[in-house]
Amino acid sequence: MPDNILLVEDEEALRMTVGDRLRKEGYAVDYADNGDEGLTKACQLPFDLILLDVMLPGRSGLEVCEAVRQAGLITPILMLTALGRTADKVAGLRIGADDYLTKPFAMQELVARVEALLRRAPNRPSAAGVTHQFGSVSVDVRGTVATRDGARVALSAREFQLLRYFLERPGATLSREELLTQVWGYSGKMFTRTVDVHVASLRQKLETEPKHPRFLLTIQGLGYKFQP
Ligand code: CA
C-alpha cells in the first residue's frame, strides 16, 4: 500500500509540481486547494501525512492544523511557510505541526522531509505495547494514545515522539541537540528553538502547572529531563 499524502495548496502550479513529484516517488496524492476542503478531507479520509500551505483562501493552514489536532488526529503535518514569516513557523509548531519547509524549497528537500516524517510516524506499529504513567497522565506507546485525568490529550506526531523519547529515558538529562538528532533527525544547533516549542507544548497539555512543571524539567544550560 502506498502512503497517502494530502496536499493542501492553492497555487495550482506548485500543487501540480509537488503532486507529480510525490507520485513519482511512489506516494498516492490527494489534493485540496483551500483550507475548508483540506480540513474536510483530512478529517474524513485516512492520510499518512498532510502537506499544508499556510496562506490559503478561507481557513488558513494554521487554522486547519489546529482543527485537525483538536479532532484528535495525529497524522504528521508538514507546513509550507512563506519566506520571512518566522511567526508562522513557531505558531505552526505550537499548534501541532510536526515540521515546516520555507518556500521556495528544493523538491529534493521536500521529499527528504516527507520521508523522514513518514519513517518516524508513530501510527506505525511499534515493538512493544507499553504504558507509561506519571501524575494523572497515562501514555500508551503502541496505541499512541495519551490521556490526562482519563481524558484523551491531542498530541501531534512529533509531540508524541518527543514524549516517548523522554519517557523511555527517565531521569536522564537530554540536550536539545540530542533531542533534535534523535527525534527530528536534524543535526547541529540550527533548530533548537523547535525543541523548546515542543517541550512547552507538552507541558501545556500534560502538566498541571505548565509554568512550574513537575515532570518535564528544564536543566539550566544543559537541556531537559523527564522526572517521573
Ligand atoms: Ca498559498
# chains A, B, ... in the order shown; residues from 1 in each chain; ligands from 1
call {"tool": "residues_around", "arguments": {"residues": "Asp149 (chain A)", "least_positions_apart": "3", "cutoff": "9 Å", "atoms": "only C-alpha atoms", "output": "number ranges by chain"}}
result
A: 135-138, 152
call {"tool": "residues_near_ligand", "arguments": {"ligand": "ligand 1", "cutoff": "6 Å", "atoms": "only C-alpha atoms and all ligand atoms", "output": "list of chain:residue names"}}
result
A:Glu9, A:Asp10, A:Glu11, A:Asp53, A:Met55, A:Leu56
call {"tool": "write_last_selection", "arguments": {"atoms": "C-alpha atoms", "output": "short mmCIF file (atom, residue, chain, number, x, y, z; two decimals), in the first residue's frame"}}
result
data_model
loop_
_atom_site.label_atom_id
_atom_site.label_comp_id
_atom_site.auth_asym_id
_atom_site.auth_seq_id
_atom_site.Cartn_x
_atom_site.Cartn_y
_atom_site.Cartn_z
CA GLU A 9 -2.09 24.22 -1.62
CA ASP A 10 -3.91 26.95 -3.52
CA GLU A 11 -1.18 27.77 -6.06
CA ASP A 53 0.31 25.57 2.96
CA MET A 55 -1.56 31.07 3.19
CA LEU A 56 -4.81 29.63 1.87
#
call {"tool": "select_by_dssp", "arguments": {"residues": "chain A", "states": "strand (DSSP E)", "output": "number ranges by chain"}}
result
A: 4-8, 28-32, 49-53, 77-81, 99-102, 131-134, 137-140, 145-148, 151-153, 173-174, 216-219, 223-226
call {"tool": "closest_residue", "arguments": {"among": "A:Asn34, A:Ser156, A:Leu7, A:Ala146", "to": "Val68 (chain A)", "atoms": "only C-alpha atoms"}}
result
A:Ser156
call {"tool": "closest_residue", "arguments": {"among": "A:Val199, A:Val8, A:Leu22, A:Ile50", "to": "Gly35 (chain A)", "atoms": "only C-alpha atoms"}}
result
A:Val8
call {"tool": "closest_residue", "arguments": {"among": "A:Arg23, A:Arg193, A:Phe134, A:Ala157", "to": "Glu207 (chain A)", "atoms": "only C-alpha atoms"}}
result
A:Phe134
call {"tool": "residues_around", "arguments": {"residues": "region 59-64 of chain A", "least_positions_apart": "3", "cutoff": "12 Å", "atoms": "only C-alpha atoms", "output": "NGL selection string"}}
result
:A and (7-10 or 32-43 or 50-56 or 67-71 or 73 or 77-82 or 87-97 or 100)
call {"tool": "select_by_dssp", "arguments": {"residues": "region 18-224 of chain A", "states": "alpha helix (DSSP H)", "output": "PyMOL selection string"}}
result
chain A and resi 18-24+35-44+61-70+86-94+107-120+157-167+176-179+192-206
call {"tool": "write_last_selection", "arguments": {"atoms": "C-alpha atoms", "output": "mmCIF file, in the first residue's frame"}}
result
data_model
loop_
_atom_site.group_PDB
_atom_site.id
_atom_site.type_symbol
_atom_site.label_atom_id
_atom_site.label_comp_id
_atom_site.auth_asym_id
_atom_site.auth_seq_id
_atom_site.Cartn_x
_atom_site.Cartn_y
_atom_site.Cartn_z
ATOM 1 C CA VAL A 18 4.722 18.825 -5.912
ATOM 2 C CA GLY A 19 1.964 16.312 -6.649
ATOM 3 C CA ASP A 20 3.750 14.946 -9.724
ATOM 4 C CA ARG A 21 6.982 14.583 -7.862
ATOM 5 C CA LEU A 22 5.394 12.790 -4.913
ATOM 6 C CA ARG A 23 3.564 10.407 -7.239
ATOM 7 C CA LYS A 24 6.855 9.656 -8.986
ATOM 8 C CA GLY A 35 -8.432 25.359 3.828
ATOM 9 C CA ASP A 36 -12.018 24.214 4.272
ATOM 10 C CA GLU A 37 -11.725 21.420 1.745
ATOM 11 C CA GLY A 38 -8.363 20.471 3.268
ATOM 12 C CA LEU A 39 -9.868 20.176 6.732
ATOM 13 C CA THR A 40 -12.835 18.148 5.497
ATOM 14 C CA LYS A 41 -10.633 15.693 3.647
ATOM 15 C CA ALA A 42 -8.125 15.442 6.480
ATOM 16 C CA CYS A 43 -10.876 14.505 8.909
ATOM 17 C CA GLN A 44 -12.785 12.133 6.638
ATOM 18 C CA GLY A 61 -3.221 26.486 7.086
ATOM 19 C CA LEU A 62 -2.688 27.322 10.756
ATOM 20 C CA GLU A 63 -6.413 27.104 11.437
ATOM 21 C CA VAL A 64 -6.623 23.814 9.555
ATOM 22 C CA CYS A 65 -3.708 22.410 11.547
ATOM 23 C CA GLU A 66 -5.263 23.433 14.834
ATOM 24 C CA ALA A 67 -8.645 21.957 13.895
ATOM 25 C CA VAL A 68 -7.045 18.689 12.763
ATOM 26 C CA ARG A 69 -5.295 18.346 16.128
ATOM 27 C CA GLN A 70 -8.436 19.293 18.033
ATOM 28 C CA THR A 86 9.046 33.163 11.193
ATOM 29 C CA ALA A 87 5.951 33.783 13.305
ATOM 30 C CA ASP A 88 4.018 31.301 11.151
ATOM 31 C CA LYS A 89 6.616 28.609 11.745
ATOM 32 C CA VAL A 90 6.570 28.996 15.508
ATOM 33 C CA ALA A 91 2.770 29.252 15.561
ATOM 34 C CA GLY A 92 2.522 26.144 13.404
ATOM 35 C CA LEU A 93 4.752 24.113 15.707
ATOM 36 C CA ARG A 94 2.825 25.366 18.738
ATOM 37 C CA MET A 107 11.906 19.276 -4.409
ATOM 38 C CA GLN A 108 14.645 17.034 -3.041
ATOM 39 C CA GLU A 109 14.367 18.657 0.337
ATOM 40 C CA LEU A 110 10.602 18.259 0.350
ATOM 41 C CA VAL A 111 10.918 14.565 -0.479
ATOM 42 C CA ALA A 112 13.531 14.106 2.258
ATOM 43 C CA ARG A 113 11.316 15.773 4.868
ATOM 44 C CA VAL A 114 8.312 13.716 3.802
ATOM 45 C CA GLU A 115 10.319 10.510 4.058
ATOM 46 C CA ALA A 116 11.655 11.465 7.479
ATOM 47 C CA LEU A 117 8.190 12.251 8.834
ATOM 48 C CA LEU A 118 6.692 9.054 7.481
ATOM 49 C CA ARG A 119 9.556 6.996 8.860
ATOM 50 C CA ARG A 120 9.017 8.410 12.314
ATOM 51 C CA ALA A 157 3.043 13.040 15.855
ATOM 52 C CA ARG A 158 6.207 14.878 16.807
ATOM 53 C CA GLU A 159 4.999 15.714 20.287
ATOM 54 C CA PHE A 160 4.230 12.059 20.783
ATOM 55 C CA GLN A 161 7.680 11.010 19.596
ATOM 56 C CA LEU A 162 9.338 13.562 21.853
ATOM 57 C CA LEU A 163 7.263 12.470 24.838
ATOM 58 C CA ARG A 164 8.089 8.851 24.164
ATOM 59 C CA TYR A 165 11.789 9.686 23.944
ATOM 60 C CA PHE A 166 11.594 11.318 27.395
ATOM 61 C CA LEU A 167 9.536 8.514 28.922
ATOM 62 C CA ARG A 176 18.473 19.969 22.776
ATOM 63 C CA GLU A 177 20.996 18.725 20.232
ATOM 64 C CA GLU A 178 20.395 15.108 21.213
ATOM 65 C CA LEU A 179 16.632 15.566 21.022
ATOM 66 C CA THR A 192 16.976 24.102 18.930
ATOM 67 C CA ARG A 193 14.078 26.566 19.271
ATOM 68 C CA THR A 194 11.914 23.845 17.759
ATOM 69 C CA VAL A 195 12.675 21.627 20.757
ATOM 70 C CA ASP A 196 11.723 24.397 23.190
ATOM 71 C CA VAL A 197 8.428 24.996 21.424
ATOM 72 C CA HIS A 198 7.510 21.316 21.549
ATOM 73 C CA VAL A 199 8.513 20.901 25.200
ATOM 74 C CA ALA A 200 6.439 23.970 26.076
ATOM 75 C CA SER A 201 3.506 22.474 24.234
ATOM 76 C CA LEU A 202 3.846 19.127 26.036
ATOM 77 C CA ARG A 203 3.905 20.939 29.366
ATOM 78 C CA GLN A 204 0.820 22.882 28.395
ATOM 79 C CA LYS A 205 -1.019 19.678 27.609
ATOM 80 C CA LEU A 206 0.294 17.380 30.344
#
